[in-house]
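Structure first, commentary second.
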Amino acid sequence: MKGRKIICMPLFVGLSLVLQTSCRGELPGVHGEEDIEVNPGDGSAGDEVTTPDSTAMMAGNIKGFFLLNEGNMGSNKCTLDFFDAVTGRYKRNIFPSRNPNVVKELGDVGNDLAIYGSKLYAVVNCSHLVEVMDVRTARHLAQIDITNCRYITFHDGKAYVSSYAGPIQISPEKRPGKVVEVDTATYAVTREVVVGYQPEELVITDGKLYVANSGGYQYPEYDRTISVVDLETFQVTDTIDVAVNLHRMELASDGLIYVSSRGNYYGLGSDVYQVDPKQKKVVGKLGVPANEMTLCGDSLYLISSGWSYETERYEPSYVLYDTKKHEIVNQNFITDGTDREITIPYGLAVHPVSREFYVTDATDYVTPGYLYCFTPEGKKKWKVRTGDIPAHFAFSEVTLK
């Protein structure tokens, strides 16, 4: 079985992760699954989680969720957690004990996580691979090698993965990225298509794949486009000009695509743009920054850590936008003041039925983070310690064996 690639390299401008100089095997206390019993408490000690009632979590046949912790770049410290709503237990770092023969475990920097059918897919950016697991056991099924892979989506038995298609470094050489098509039955790469520079998240609608191009390695000359790929021919048919340094994407029920721009971290701030795929153009913008966003029904949740190199500080925001009414309905969806204790809001997820929502805190990027659970009304239910840089969620309809 192939081992994970150890990546120890200098940090470059535009990445939010903090470099650690040690490699995966040198880190003490990170091996082995921790099964945390549900106890009353606020989670401040790290091993307590207040979940007096998990019935809301199990609404709509949801049995829990996986949480992928990115880990510090260069540390090979990506880890996987699972919250079991049936038992109310939080299982931390589940991959090593279930996969003792996988060398270097999950690898370096977990960048995306998704469930498709009976399989769990973790995109591990700096190890250049997609780890495929059995969703019921989190046991290894396959490793798909994709250079500098970023995000994943699915359609009709295929996985589509965005890739920077080159080394993890800023370079004067302008190397375009690509989208890779993978057969989810055989794990074989079936097709590839060249898109814009440093492509990020993707959405699929009406037989077309839309990918947000960041141009993150081209600083200060970022890309500002969405590449449109016809899934039948797997060719780029259109390019939509949006804004610099694109990142997140969500497809609303009315057909509009919401895409976030990170800005340039200096004078040009982050914003979220509405793109009409039929008109192939921007039709509006929200006027709010977003590092992370997720859509639940017609509600678009947006969080921003609001970093600026000019002010050299974070100014977090938590905005709720109604994609049906096309208006901001809440300027802070955390209503009980808990937002003041979150240092760096990083990951975000909303239960598709109960509307409980989850926000992670990356703290200082180099030590374990925290996961917060909130009621739909924005009041904290519980908090638990996670791995380093908790980021990506995948809700599961099965419990973990």
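Convention: chains lettered A, B, ... in structure tokens order; per-chain residue numbering from 1; ligands numbered from 1 as shown.
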
Contacts of segment 143-151 of chain A at 9 Å (only C-alpha atoms; same-chain gap of 2+ positions) as a short mmCIF file (atom, residue, chain, number, x, y, z; two decimals) with C-alpha atoms, in the first residue's frame:
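Result file is part.cif:
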```
data_model
loop_
_atom_site.label_atom_id
_atom_site.label_comp_id
_atom_site.auth_asym_id
_atom_site.auth_seq_id
_atom_site.Cartn_x
_atom_site.Cartn_y
_atom_site.Cartn_z
CA LYS A 2 1.33 3.46 -0.83
CA GLY A 110 -7.15 17.93 4.51
CA ASN A 111 -8.88 20.28 2.10
CA ASP A 112 -12.34 18.80 1.47
CA LEU A 113 -14.64 16.02 2.66
CA VAL A 123 -9.20 15.43 -0.39
CA VAL A 124 -5.68 15.75 1.04
CA ASN A 125 -4.11 18.70 -0.70
CA CYS A 126 -0.38 18.65 0.07
CA SER A 127 -0.16 14.85 -0.07
CA HIS A 128 -1.66 15.03 -3.58
CA LEU A 129 -4.32 12.37 -3.04
CA VAL A 130 -7.98 11.63 -2.46
CA GLU A 131 -8.45 9.07 0.30
CA VAL A 132 -11.54 6.86 -0.23
CA HIS A 140 -9.31 2.59 3.58
CA LEU A 141 -10.67 1.50 0.20
CA THR A 153 -18.15 17.12 -6.15
CA TYR A 160 -14.90 15.70 -10.10
CA VAL A 161 -11.82 17.07 -8.37
CA SER A 162 -10.25 20.48 -8.85
CA SER A 163 -6.45 20.49 -9.06
CA TYR A 164 -3.79 23.17 -9.13
CA ALA A 165 -1.89 20.73 -11.40
CA GLY A 166 1.55 21.74 -10.20
CA PRO A 167 3.88 22.22 -7.24
CA ILE A 168 2.68 23.90 -4.05
CA VAL A 180 -10.14 15.58 -13.00
CA VAL A 182 -12.84 9.87 -11.55
CA TYR A 187 -11.33 4.81 -8.88
CA ALA A 188 -9.79 5.29 -12.32
CA VAL A 189 -9.17 8.77 -13.71
CA GLN A 198 -5.57 27.47 -9.23
CA PRO A 199 -9.21 26.25 -9.38
CA GLU A 200 -11.17 25.83 -6.14
CA GLU A 201 -14.79 24.79 -5.44
CA LEU A 202 -17.16 23.39 -8.05
#
```

Check segment 299-386 of chain A with DSSP on the backbone and list each residue it calls helix (DSSP H, G or I), as a ChimeraX atom specification.
/A:338-341

Sel. of strand (DSSP E) residues, segment 178-346 of chain A, as a PyMOL selection string
chain A and resi 178-183+189-194+199-205+208-213+225-230+235-241+246-251+257-261+271-276+281-285+292-296+299-304+317-322+327-330+345-346

Can you list, as a ChimeraX atom specification, every protein, DNA or RNA residue that comes within 12 Å of Asn213 of chain A when you count only C-alpha atoms, leaving out same-chain residues fewer than 6 positions away?
/A:150-151,162-164,176-179,194-202,222-228,239-249,259-262

Pick out the residues sitting within 9 Å of segment 263-279 of chain A, and hand them over as a PyMOL selection string; count only C-alpha atoms, and ignore anything fewer than 4 positions along from it in its own chain.
chain A and resi 14+205+210+219-220+222+228+240+242-246+248+255-259+283-291+304+306-310

The distance between atom CA of Val359 of chain A and atom CA of Leu371 of chain A is 6.0 Å
